[in-house]
Amino acid sequence: MTQNTPASVGRLIRDARMQRGLSPEQVAEVLDIAPADLAQIERGALDLDLDRVAQIADALQNPALAPTSGTMHMRVKGPTKLSGSIDVRSSKNAAVALLCASLLNKGRTVLEGIARIEEVNRILEVLRSIGVKVTWSDDRSELELVRPEVLDLAAMDVDAARRTRSVIMFLGPLLHMLPEFELPYAGGCNLGTRTVTPHLQALQYFGLDVKATDGWYHAAVRETTSGVRHITLTERGDTVTENVLMAAALYPGTTVIRNASPNYMVQDVCFFLESLGVTIDGIGSTTLRVTGVERIEADVRVAPSEDPIEAMSLITAAVVTKSELTIRRSPIEFLEIELAILEDMGLRYELSEEYAAANGRTRLVDITVYPSNLHAAQDKIHPMPFPGLNIDNLPFFAVIAAEAEGRTLIHDWVYENRAIHLLDLNKLGANTQLLDPHRLVVDGPTRWRSQELVCPPALRPAVCLLLASLAARGVTVLRDVYVINRGYEDLANRLNKLGADVQVFFD
């Protein structure tokens with residue numbers, strides 16, 4: 001069956017409607033047809049010309065149509081075999097950092113190919129509420145941001161701000177604009193305590209003093225002396241490095257940041273700041289030397305790099321379903337340790353020649369994964385700051401270890417709760433044992449079985465359940481998948497194009 005048959009077109013229409021949470025009655029009313037006629041279209045019982053397909057596509061994207069329910073679920077039928085190729089999309093973590101960094105620019109910022117995910121939506125809601133003009137291109141491939149001369153923080157959408165941890169990256173830009181301001185406590189994934197102390201320790205060099213009371217950060221900015229600022233981060237964190245970079249960008253002097261994160265999203269922020277006229281030496285290393293400017297007012301166009309975490313998710317999908325799959329546009333610099341561990345476990349894969357990302361800086365490859373007989377890793381699997389194994393890629397090794405012969409120790413020393421969430425894999429047939437809040441033992445191989453589950457309140461463990469469901473015999477129901485949509489765009493339909501059977505539905 002080709003992709004041009006009425007049945008395949010009908011499935012795409014149905015999937016798009018369900019992905020948006022629209023009822024048949026809503027779409028039929030916009031199209032001025034009976035719901036029964038729409039049902040025939042979705043079943044592939046009617047031939048459609050290109051004009052009619054375009055009309056239906058417009059109806060499905062109609063912003064006036066609200067979802068019939070706020071809670072999205074997924075129904076996964078397995079086991080499945082995946083095949084073909086899929087492109088890695090742009091980085092979620094780079095996207096939210098660049099949205100925060102756009103506050104520095106009084107000119108016009110255009111972001112190309114930005115991920116259309118819930119985490120991005122929350123930050124955009126906050127930006128709109130404080131006066132930033134946000135405009136998507138007609139095909140949603142470009143996002144234009146123009147900030148006002150004065151931001152209206154009193155009008156901030158507090159509910160949206162509390163649903164994302166990324167709002168803490170407003171501190172760096174705002175300290176140059178207001179003598180006093182408030183930000184709500186950040187939210188996001190439930191992964192245990194993640195201190196903001198490193199942010200506050202570093203930003204005090206720019207005069208920022210913060211008190212946390214009653215669910216708010218109360219910030220005050222004092223005068224500081226000029227000269228070279230030497231800042232050593234007490235934690236080599238991604239967001240704290242980005243926050244200091246943003247603060248340094250509007251300091252018309254030199255800032256030296258030591259123990260900086262050289263991770264992919266930090267590099268994207270560096271590339272963006274360079275396009276704004278900021279000079280940065282040492283990109284990709286743990287020492288950054290930043291020469292800022294007094295004012296930033298530039299019309300810039302940038303493209304965030306591809307997401308190594310999504311690439312690892314897709315590699316895991318191939319492993320758990322024992323499929324041959326090509327993951328195109330993979331940022332190899334940020335996957336080399338992961339691939340080395342997988343190779344040691346017996347994974348067979350091939351890499352294409354390297355080529356440049358749209359930003360001209362990030363190195364990409366196409367990774368073809370082959371069905372493999374895996375064995376447990378020889379040593380424990382644990383994350384490290386870049387260039388080590390990425391902390392956000394660690395959970396996928398729980399799924400992979402469940403496919404491997406033998407016992408694997410996974411040590412998540414960063415988060416208190418994430419290893420606990422991975423115990424939900426047991427409900428799908430895995431054999432995992434929690435040694436303590438940070439260490440998990442996985443015995444494989446696994447005979448995956450279907451189950452009805454509620455997604456844990458953590459992005460990567462929730463995606464792990466979805467990936468394991470692809471290999472489970474029967475129908476698995478994942479309830480409340482909002483957390484997955486925080487980090488992945490249209491994941492169900494993209495997997496379906498590879499041969500999966502994942503249906504989105506709303507109660």
# chains A, B, ... in the order shown; residues from 1 in each chain; ligands from 1
>>> closest_atom_pairs(of="region 233-275 of chain A", to="region 300-320 of chain A", cutoff="10 Å", atoms="only C-alpha atoms", output="CSV")
residue,atom,partner,partner_atom,distance
A:Tyr264,CA,A:Ser305,CA,7.8
A:Met265,CA,A:Ser305,CA,8.1
A:Gln267,CA,A:Ser305,CA,9.2
A:Asp268,CA,A:Pro304,CA,6.2
A:Val269,CA,A:Pro304,CA,8.8
A:Phe271,CA,A:Val302,CA,8.4
A:Phe272,CA,A:Val302,CA,6.8
A:Ser275,CA,A:Val300,CA,6.8
>>> write_last_selection(atoms="all heavy atoms", output="compact mmCIF listing (two decimals), in the first residue's frame")
# COMPACT_ATOMS: atom_id res chain seq x y z
N TYR A 264 25.54 20.57 24.37
CA TYR A 264 25.00 21.02 23.07
C TYR A 264 24.14 22.27 23.17
O TYR A 264 24.27 23.19 22.36
CB TYR A 264 24.21 19.88 22.41
CG TYR A 264 22.99 19.41 23.16
CD1 TYR A 264 21.73 19.89 22.86
CD2 TYR A 264 23.10 18.47 24.18
CE1 TYR A 264 20.61 19.44 23.55
CE2 TYR A 264 22.00 18.02 24.87
CZ TYR A 264 20.75 18.51 24.56
OH TYR A 264 19.65 18.07 25.24
N MET A 265 23.26 22.36 24.18
CA MET A 265 22.39 23.52 24.28
C MET A 265 23.17 24.77 24.68
O MET A 265 22.83 25.89 24.25
CB MET A 265 21.23 23.26 25.24
CG MET A 265 21.61 23.17 26.71
SD MET A 265 22.60 21.71 27.12
CE MET A 265 21.31 20.47 27.16
N GLN A 267 26.28 25.34 23.72
CA GLN A 267 26.92 25.76 22.48
C GLN A 267 25.95 26.53 21.59
O GLN A 267 26.33 27.52 20.95
CB GLN A 267 27.50 24.55 21.75
CG GLN A 267 28.66 23.89 22.48
CD GLN A 267 29.41 22.89 21.63
OE1 GLN A 267 29.43 23.00 20.41
NE2 GLN A 267 30.04 21.91 22.27
N ASP A 268 24.69 26.08 21.54
CA ASP A 268 23.70 26.81 20.75
C ASP A 268 23.51 28.23 21.25
O ASP A 268 23.36 29.17 20.47
CB ASP A 268 22.36 26.07 20.76
CG ASP A 268 22.24 25.06 19.62
OD1 ASP A 268 22.52 25.44 18.48
OD2 ASP A 268 21.86 23.91 19.88
N VAL A 269 23.49 28.40 22.58
CA VAL A 269 23.38 29.75 23.14
C VAL A 269 24.60 30.58 22.77
O VAL A 269 24.48 31.76 22.41
CB VAL A 269 23.20 29.68 24.67
CG1 VAL A 269 23.32 31.07 25.29
CG2 VAL A 269 21.84 29.08 25.02
N PHE A 271 26.48 30.25 20.08
CA PHE A 271 26.37 30.60 18.67
C PHE A 271 25.39 31.77 18.49
O PHE A 271 25.62 32.68 17.69
CB PHE A 271 25.89 29.41 17.85
CG PHE A 271 26.78 28.19 17.92
CD1 PHE A 271 26.26 26.92 17.74
CD2 PHE A 271 28.14 28.31 18.20
CE1 PHE A 271 27.07 25.79 17.81
CE2 PHE A 271 28.96 27.19 18.27
CZ PHE A 271 28.42 25.93 18.08
N PHE A 272 24.29 31.74 19.23
CA PHE A 272 23.29 32.81 19.15
C PHE A 272 23.88 34.13 19.63
O PHE A 272 23.72 35.18 18.97
CB PHE A 272 22.07 32.42 19.97
CG PHE A 272 21.01 33.50 20.06
CD1 PHE A 272 20.36 33.94 18.92
CD2 PHE A 272 20.69 34.06 21.28
CE1 PHE A 272 19.38 34.92 19.01
CE2 PHE A 272 19.71 35.04 21.38
CZ PHE A 272 19.06 35.48 20.23
N SER A 275 26.06 35.74 17.17
CA SER A 275 25.32 36.41 16.08
C SER A 275 24.80 37.78 16.51
O SER A 275 24.54 38.65 15.67
CB SER A 275 24.15 35.53 15.62
OG SER A 275 23.10 35.50 16.58
>>> residues_around(residues="Ala154 (chain A)", least_positions_apart="4", cutoff="12 Å", atoms="only C-alpha atoms", output="list in words")
Val126, Ser129, Ile130, Gly131, Val150, Val158, Glu180, Phe181, Glu182, Leu183 and Pro184 of chain A
>>> write_last_selection(atoms="N, CA and C atoms", output="tab-separated table (two decimals), in the first residue's frame")
chain	number	residue	atom	x	y	z
A	126	VAL	N	4.55	32.59	28.39
A	126	VAL	CA	5.13	33.55	29.33
A	126	VAL	C	5.65	34.78	28.58
A	129	SER	N	2.86	37.02	27.41
A	129	SER	CA	2.19	37.71	28.51
A	129	SER	C	2.96	38.93	29.00
A	130	ILE	N	4.28	38.94	28.83
A	130	ILE	CA	5.07	40.09	29.29
A	130	ILE	C	5.36	41.08	28.16
A	131	GLY	N	4.74	40.85	26.99
A	131	GLY	CA	4.80	41.85	25.94
A	131	GLY	C	5.59	41.49	24.70
A	150	VAL	N	10.08	47.94	27.01
A	150	VAL	CA	9.91	47.67	28.44
A	150	VAL	C	9.03	46.43	28.59
A	158	VAL	N	1.51	33.45	35.19
A	158	VAL	CA	2.18	32.73	36.28
A	158	VAL	C	1.94	31.23	36.17
A	180	GLU	N	14.50	45.72	40.29
A	180	GLU	CA	13.85	44.70	41.11
A	180	GLU	C	12.83	43.96	40.25
A	181	PHE	N	12.65	42.68	40.50
A	181	PHE	CA	11.62	41.92	39.79
A	181	PHE	C	11.36	40.62	40.53
A	182	GLU	N	10.27	39.95	40.15
A	182	GLU	CA	9.89	38.69	40.76
A	182	GLU	C	9.65	37.65	39.66
A	183	LEU	N	10.02	36.41	39.97
A	183	LEU	CA	9.72	35.27	39.10
A	183	LEU	C	9.12	34.17	39.96
A	184	PRO	N	8.13	33.45	39.43
A	184	PRO	CA	7.56	32.33	40.20
A	184	PRO	C	8.52	31.16	40.25
>>> closest_residue(among="A:Val221, A:Arg447, A:Val76, A:Arg140", to="Ser469 (chain A)", atoms="only C-alpha atoms")
A:Val76
>>> residues_around(residues="Ile280 (chain A)", least_positions_apart="5", cutoff="12 Å", atoms="only C-alpha atoms", output="PyMOL selection string")
chain A and resi 245-246+248-249+253-257+266-267+269-275+285+287-293
>>> residues_around(residues="region 436-446 of chain A", least_positions_apart="6", cutoff="6 Å", atoms="only C-alpha atoms", output="PyMOL selection string")
chain A and resi 402-413+416+419+430
>>> select_by_dssp(residues="region 70-217 of chain A", states="alpha helix (DSSP H)", output="PyMOL selection string")
chain A and resi 92-101+118-129+158-162+171-174+197-203
>>> write_last_selection(atoms="N, CA, C and O atoms", output="short mmCIF file (atom, residue, chain, number, x, y, z; two decimals), in the first residue's frame")
data_model
loop_
_atom_site.label_atom_id
_atom_site.label_comp_id
_atom_site.auth_asym_id
_atom_site.auth_seq_id
_atom_site.Cartn_x
_atom_site.Cartn_y
_atom_site.Cartn_z
N LYS A 92 15.07 20.38 22.06
CA LYS A 92 14.15 21.00 23.01
C LYS A 92 14.90 21.91 23.97
O LYS A 92 14.49 23.05 24.22
N ASN A 93 16.01 21.43 24.51
CA ASN A 93 16.74 22.21 25.50
C ASN A 93 17.38 23.45 24.89
O ASN A 93 17.46 24.50 25.54
N ALA A 94 17.84 23.34 23.64
CA ALA A 94 18.36 24.53 22.96
C ALA A 94 17.24 25.51 22.67
O ALA A 94 17.42 26.73 22.81
N ALA A 95 16.07 24.99 22.30
CA ALA A 95 14.95 25.87 21.95
C ALA A 95 14.55 26.75 23.13
O ALA A 95 14.41 27.98 22.99
N VAL A 96 14.36 26.15 24.31
CA VAL A 96 13.91 26.95 25.45
C VAL A 96 15.00 27.92 25.89
O VAL A 96 14.70 29.05 26.31
N ALA A 97 16.26 27.53 25.76
CA ALA A 97 17.34 28.45 26.12
C ALA A 97 17.39 29.64 25.17
O ALA A 97 17.58 30.79 25.60
N LEU A 98 17.20 29.40 23.88
CA LEU A 98 17.23 30.49 22.91
C LEU A 98 16.02 31.40 23.08
O LEU A 98 16.12 32.62 22.87
N LEU A 99 14.88 30.85 23.45
CA LEU A 99 13.72 31.70 23.72
C LEU A 99 14.01 32.65 24.88
O LEU A 99 13.65 33.83 24.82
N CYS A 100 14.63 32.13 25.92
CA CYS A 100 14.99 33.00 27.05
C CYS A 100 16.05 34.02 26.64
O CYS A 100 15.97 35.21 27.00
N ALA A 101 17.02 33.58 25.85
CA ALA A 101 18.10 34.48 25.42
C ALA A 101 17.59 35.57 24.48
O ALA A 101 18.20 36.63 24.37
N GLU A 118 5.38 21.14 24.09
CA GLU A 118 4.70 21.82 25.18
C GLU A 118 5.65 22.69 25.99
O GLU A 118 5.26 23.76 26.47
N GLU A 119 6.89 22.28 26.17
CA GLU A 119 7.84 23.11 26.91
C GLU A 119 8.05 24.44 26.20
O GLU A 119 8.11 25.50 26.83
N VAL A 120 8.14 24.40 24.88
CA VAL A 120 8.26 25.63 24.09
C VAL A 120 6.98 26.45 24.22
O VAL A 120 7.02 27.68 24.38
N ASN A 121 5.83 25.78 24.14
CA ASN A 121 4.56 26.50 24.25
C ASN A 121 4.45 27.25 25.57
O ASN A 121 3.95 28.39 25.61
N ARG A 122 4.91 26.62 26.66
CA ARG A 122 4.81 27.29 27.97
C ARG A 122 5.68 28.55 28.01
O ARG A 122 5.25 29.59 28.50
N ILE A 123 6.90 28.45 27.51
CA ILE A 123 7.77 29.63 27.51
C ILE A 123 7.19 30.72 26.60
O ILE A 123 7.23 31.92 26.94
N LEU A 124 6.62 30.33 25.46
CA LEU A 124 6.01 31.32 24.57
C LEU A 124 4.82 32.00 25.24
O LEU A 124 4.60 33.20 25.06
N GLU A 125 4.04 31.25 26.01
CA GLU A 125 2.93 31.86 26.74
C GLU A 125 3.45 32.91 27.73
O GLU A 125 2.85 33.99 27.87
N VAL A 126 4.55 32.59 28.39
CA VAL A 126 5.13 33.55 29.33
C VAL A 126 5.65 34.78 28.58
O VAL A 126 5.39 35.93 28.99
N LEU A 127 6.35 34.57 27.48
CA LEU A 127 6.90 35.69 26.72
C LEU A 127 5.79 36.59 26.19
O LEU A 127 5.89 37.83 26.27
N ARG A 128 4.74 35.99 25.63
CA ARG A 128 3.62 36.81 25.14
C ARG A 128 3.02 37.64 26.26
O ARG A 128 2.68 38.81 26.07
N SER A 129 2.86 37.02 27.41
CA SER A 129 2.19 37.71 28.51
C SER A 129 2.96 38.93 29.00
O SER A 129 2.36 39.88 29.51
N VAL A 158 1.51 33.45 35.19
CA VAL A 158 2.18 32.73 36.28
C VAL A 158 1.94 31.23 36.17
O VAL A 158 2.85 30.43 36.44
N ASP A 159 0.74 30.83 35.75
CA ASP A 159 0.45 29.39 35.63
C ASP A 159 1.39 28.74 34.63
O ASP A 159 1.93 27.65 34.87
N ALA A 160 1.59 29.39 33.48
CA ALA A 160 2.51 28.84 32.47
C ALA A 160 3.94 28.82 33.00
O ALA A 160 4.68 27.85 32.79
N ALA A 161 4.33 29.87 33.70
CA ALA A 161 5.70 29.96 34.23
C ALA A 161 5.97 28.85 35.25
O ALA A 161 7.07 28.30 35.30
N ARG A 162 4.98 28.51 36.04
CA ARG A 162 5.18 27.48 37.07
C ARG A 162 5.23 26.08 36.47
O ARG A 162 5.61 25.13 37.16
N LEU A 171 16.51 35.02 34.64
CA LEU A 171 17.30 35.81 35.59
C LEU A 171 18.44 36.53 34.90
O LEU A 171 18.67 37.73 35.15
N GLY A 172 19.19 35.83 34.04
CA GLY A 172 20.34 36.43 33.38
C GLY A 172 20.00 37.65 32.56
O GLY A 172 20.65 38.71 32.70
N PRO A 173 18.99 37.57 31.67
CA PRO A 173 18.63 38.76 30.90
C PRO A 173 18.00 39.87 31.74
O PRO A 173 18.32 41.05 31.57
N LEU A 174 17.10 39.51 32.67
CA LEU A 174 16.32 40.54 33.37
C LEU A 174 17.15 41.38 34.32
O LEU A 174 16.81 42.54 34.59
N THR A 197 20.84 27.10 43.83
CA THR A 197 21.96 27.79 44.47
C THR A 197 23.08 28.12 43.49
O THR A 197 23.63 29.24 43.53
N PRO A 198 23.51 27.20 42.59
CA PRO A 198 24.58 27.56 41.66
C PRO A 198 24.25 28.78 40.81
O PRO A 198 25.13 29.61 40.52
N HIS A 199 22.97 28.94 40.42
CA HIS A 199 22.56 30.12 39.64
C HIS A 199 22.77 31.39 40.46
O HIS A 199 23.33 32.38 39.98
N LEU A 200 22.30 31.34 41.70
CA LEU A 200 22.36 32.54 42.53
C LEU A 200 23.79 32.88 42.92
O LEU A 200 24.16 34.06 42.99
N GLN A 201 24.61 31.87 43.16
CA GLN A 201 26.01 32.12 43.49
C GLN A 201 26.74 32.78 42.32
O GLN A 201 27.55 33.70 42.51
N ALA A 202 26.45 32.33 41.10
CA ALA A 202 27.15 32.87 39.94
C ALA A 202 26.65 34.25 39.56
O ALA A 202 27.44 35.15 39.22
N LEU A 203 25.34 34.46 39.62
CA LEU A 203 24.77 35.73 39.17
C LEU A 203 24.99 36.87 40.16
O LEU A 203 24.80 38.04 39.81
#
>>> residues_around(residues="Pro6 (chain A)", least_positions_apart="5", cutoff="9 Å", atoms="only C-alpha atoms", output="list of chain:residue names")
A:Arg11, A:Ile41, A:Glu42, A:Arg43, A:Gly44, A:Ala45, A:Leu46, A:Asp47, A:Leu48
>>> write_last_selection(atoms="C-alpha atoms", output="PDB file, in the first residue's frame")
ATOM      1  CA  ARG A  11      -5.303   7.311   8.324  1.00  0.00           C
ATOM      2  CA  ILE A  41     -12.848   9.769   4.524  1.00  0.00           C
ATOM      3  CA  GLU A  42     -10.886   8.516   7.533  1.00  0.00           C
ATOM      4  CA  ARG A  43     -11.686   4.911   6.606  1.00  0.00           C
ATOM      5  CA  GLY A  44     -10.386   5.504   3.088  1.00  0.00           C
ATOM      6  CA  ALA A  45     -13.785   4.908   1.515  1.00  0.00           C
ATOM      7  CA  LEU A  46     -13.710   8.155  -0.490  1.00  0.00           C
ATOM      8  CA  ASP A  47     -11.220   9.392  -3.077  1.00  0.00           C
ATOM      9  CA  LEU A  48      -9.953  12.924  -2.416  1.00  0.00           C
TER      10      LEU A  48
END
>>> closest_residue(among="A:Ile327, A:Leu347, A:Ile341, A:Ala377", to="Ser85 (chain A)", atoms="only C-alpha atoms")
A:Ile327
>>> closest_residue(among="A:Asp138, A:Asp281, A:Asp424, A:Glu324", to="Tyr370 (chain A)", atoms="only C-alpha atoms")
A:Glu324
>>> residues_around(residues="Pro456 (chain A)", least_positions_apart="2", cutoff="12 Å", atoms="only C-alpha atoms", output="ChimeraX atom specification")
/A:189-191,417-425,453-454,458-466,478-484
>>> atom_distance(atom1="CA of Lys81 (chain A)", atom2="CA of Leu428 (chain A)")
17.8 Å
>>> residues_around(residues="region 489-498 of chain A", least_positions_apart="4", cutoff="10 Å", atoms="only C-alpha atoms", output="ChimeraX atom specification")
/A:3,12,15-16,19-20,74-76,80-87,89-90,92,115-118,310,314,317,325,463,466-467,470,484-485,502-504
>>> write_last_selection(atoms="N, CA and C atoms", output="tab-separated table (two decimals), in the first residue's frame")
chain	number	residue	atom	x	y	z
A	3	GLN	N	1.67	5.47	0.08
A	3	GLN	CA	1.20	6.57	0.90
A	3	GLN	C	0.14	7.41	0.20
A	12	LEU	N	-3.88	9.22	7.84
A	12	LEU	CA	-3.16	10.44	8.20
A	12	LEU	C	-4.11	11.51	8.72
A	15	ASP	N	-5.27	10.42	12.20
A	15	ASP	CA	-4.20	10.60	13.19
A	15	ASP	C	-4.00	12.07	13.53
A	16	ALA	N	-4.05	12.94	12.51
A	16	ALA	CA	-3.86	14.37	12.76
A	16	ALA	C	-5.01	14.93	13.60
A	19	GLN	N	-4.52	13.63	17.12
A	19	GLN	CA	-3.37	14.25	17.76
A	19	GLN	C	-3.74	15.60	18.34
A	20	ARG	N	-4.63	16.33	17.68
A	20	ARG	CA	-5.07	17.62	18.19
A	20	ARG	C	-6.20	17.50	19.20
A	74	MET	N	-2.30	7.53	25.02
A	74	MET	CA	-1.83	6.78	23.86
A	74	MET	C	-2.19	5.31	24.01
A	75	ARG	N	-2.55	4.71	22.89
A	75	ARG	CA	-2.83	3.28	22.83
A	75	ARG	C	-1.81	2.66	21.87
A	76	VAL	N	-0.98	1.74	22.37
A	76	VAL	CA	0.13	1.19	21.60
A	76	VAL	C	-0.12	-0.30	21.37
A	80	THR	N	5.95	-4.67	17.45
A	80	THR	CA	6.04	-4.08	16.13
A	80	THR	C	7.47	-4.12	15.63
A	81	LYS	N	7.60	-4.05	14.32
A	81	LYS	CA	8.89	-3.89	13.67
A	81	LYS	C	8.92	-2.52	13.00
A	82	LEU	N	9.96	-1.78	13.25
A	82	LEU	CA	10.14	-0.49	12.61
A	82	LEU	C	11.05	-0.64	11.41
A	83	SER	N	10.91	0.25	10.46
A	83	SER	CA	11.78	0.22	9.28
A	83	SER	C	11.81	1.60	8.65
A	84	GLY	N	12.81	1.82	7.81
A	84	GLY	CA	12.92	3.08	7.10
A	84	GLY	C	13.90	4.02	7.77
A	85	SER	N	13.62	5.32	7.66
A	85	SER	CA	14.51	6.33	8.22
A	85	SER	C	13.68	7.46	8.79
A	86	ILE	N	14.29	8.20	9.71
A	86	ILE	CA	13.61	9.30	10.38
A	86	ILE	C	14.63	10.37	10.71
A	87	ASP	N	14.24	11.62	10.55
A	87	ASP	CA	15.12	12.75	10.86
A	87	ASP	C	15.00	13.14	12.32
A	89	ARG	N	14.86	15.85	15.06
A	89	ARG	CA	14.42	17.24	15.06
A	89	ARG	C	15.27	18.09	16.00
A	90	SER	N	15.02	19.38	15.97
A	90	SER	CA	15.87	20.30	16.71
A	90	SER	C	15.70	20.13	18.22
A	92	LYS	N	15.07	20.38	22.06
A	92	LYS	CA	14.15	21.00	23.01
A	92	LYS	C	14.90	21.91	23.97
A	115	ALA	N	11.51	23.38	17.83
A	115	ALA	CA	10.62	22.28	18.21
A	115	ALA	C	9.28	22.83	18.70
A	116	ARG	N	8.19	22.29	18.15
A	116	ARG	CA	6.83	22.71	18.55
A	116	ARG	C	6.32	21.73	19.60
A	117	ILE	N	6.77	21.95	20.83
A	117	ILE	CA	6.48	21.04	21.93
A	117	ILE	C	5.89	21.85	23.08
A	118	GLU	N	5.38	21.14	24.09
A	118	GLU	CA	4.70	21.82	25.18
A	118	GLU	C	5.65	22.69	25.99
A	310	GLU	N	16.71	13.12	21.50
A	310	GLU	CA	15.75	12.49	20.60
A	310	GLU	C	16.43	11.40	19.77
A	314	LEU	N	15.34	7.39	19.51
A	314	LEU	CA	15.06	6.64	18.29
A	314	LEU	C	15.98	5.43	18.16
A	317	ALA	N	14.37	2.92	20.29
A	317	ALA	CA	13.20	2.33	19.62
A	317	ALA	C	13.63	1.21	18.69
A	325	LEU	N	16.88	0.45	11.39
A	325	LEU	CA	16.34	1.81	11.32
A	325	LEU	C	17.49	2.79	11.14
A	463	VAL	N	8.86	8.43	28.30
A	463	VAL	CA	9.18	8.00	26.93
A	463	VAL	C	9.70	6.57	26.93
A	466	LEU	N	6.85	4.30	26.68
A	466	LEU	CA	6.32	4.26	25.32
A	466	LEU	C	7.18	3.37	24.42
A	467	LEU	N	8.49	3.50	24.52
A	467	LEU	CA	9.39	2.71	23.67
A	467	LEU	C	9.29	1.23	24.01
A	470	LEU	N	6.31	-0.53	22.49
A	470	LEU	CA	6.39	-0.92	21.08
A	470	LEU	C	6.72	-2.41	20.94
A	484	ILE	N	5.22	13.64	27.92
A	484	ILE	CA	5.94	13.29	26.71
A	484	ILE	C	5.90	14.44	25.71
A	485	ASN	N	4.75	15.09	25.62
A	485	ASN	CA	4.62	16.21	24.69
A	485	ASN	C	5.45	17.41	25.10
A	502	VAL	N	0.55	3.41	17.08
A	502	VAL	CA	0.33	4.24	18.28
A	502	VAL	C	-0.82	5.18	17.99
A	503	GLN	N	-1.90	5.04	18.71
A	503	GLN	CA	-3.07	5.89	18.51
A	503	GLN	C	-3.24	6.84	19.69
A	504	VAL	N	-3.41	8.10	19.38
A	504	VAL	CA	-3.66	9.11	20.39
A	504	VAL	C	-5.17	9.23	20.60
>>> select_by_dssp(residues="region 202-333 of chain A", states="strand (DSSP E or B)", output="PyMOL selection string")
chain A and resi 208-213+216-221+229-232+254-258+279-281+287-291+300-302+306+325-331
>>> closest_residue(among="A:Ala247, A:Arg329, A:Pro262, A:Val196", to="Ala358 (chain A)", atoms="only C-alpha atoms")
A:Arg329
>>> atom_distance(atom1="CA of Gly284 (chain A)", atom2="CA of Tyr205 (chain A)")
23.0 Å
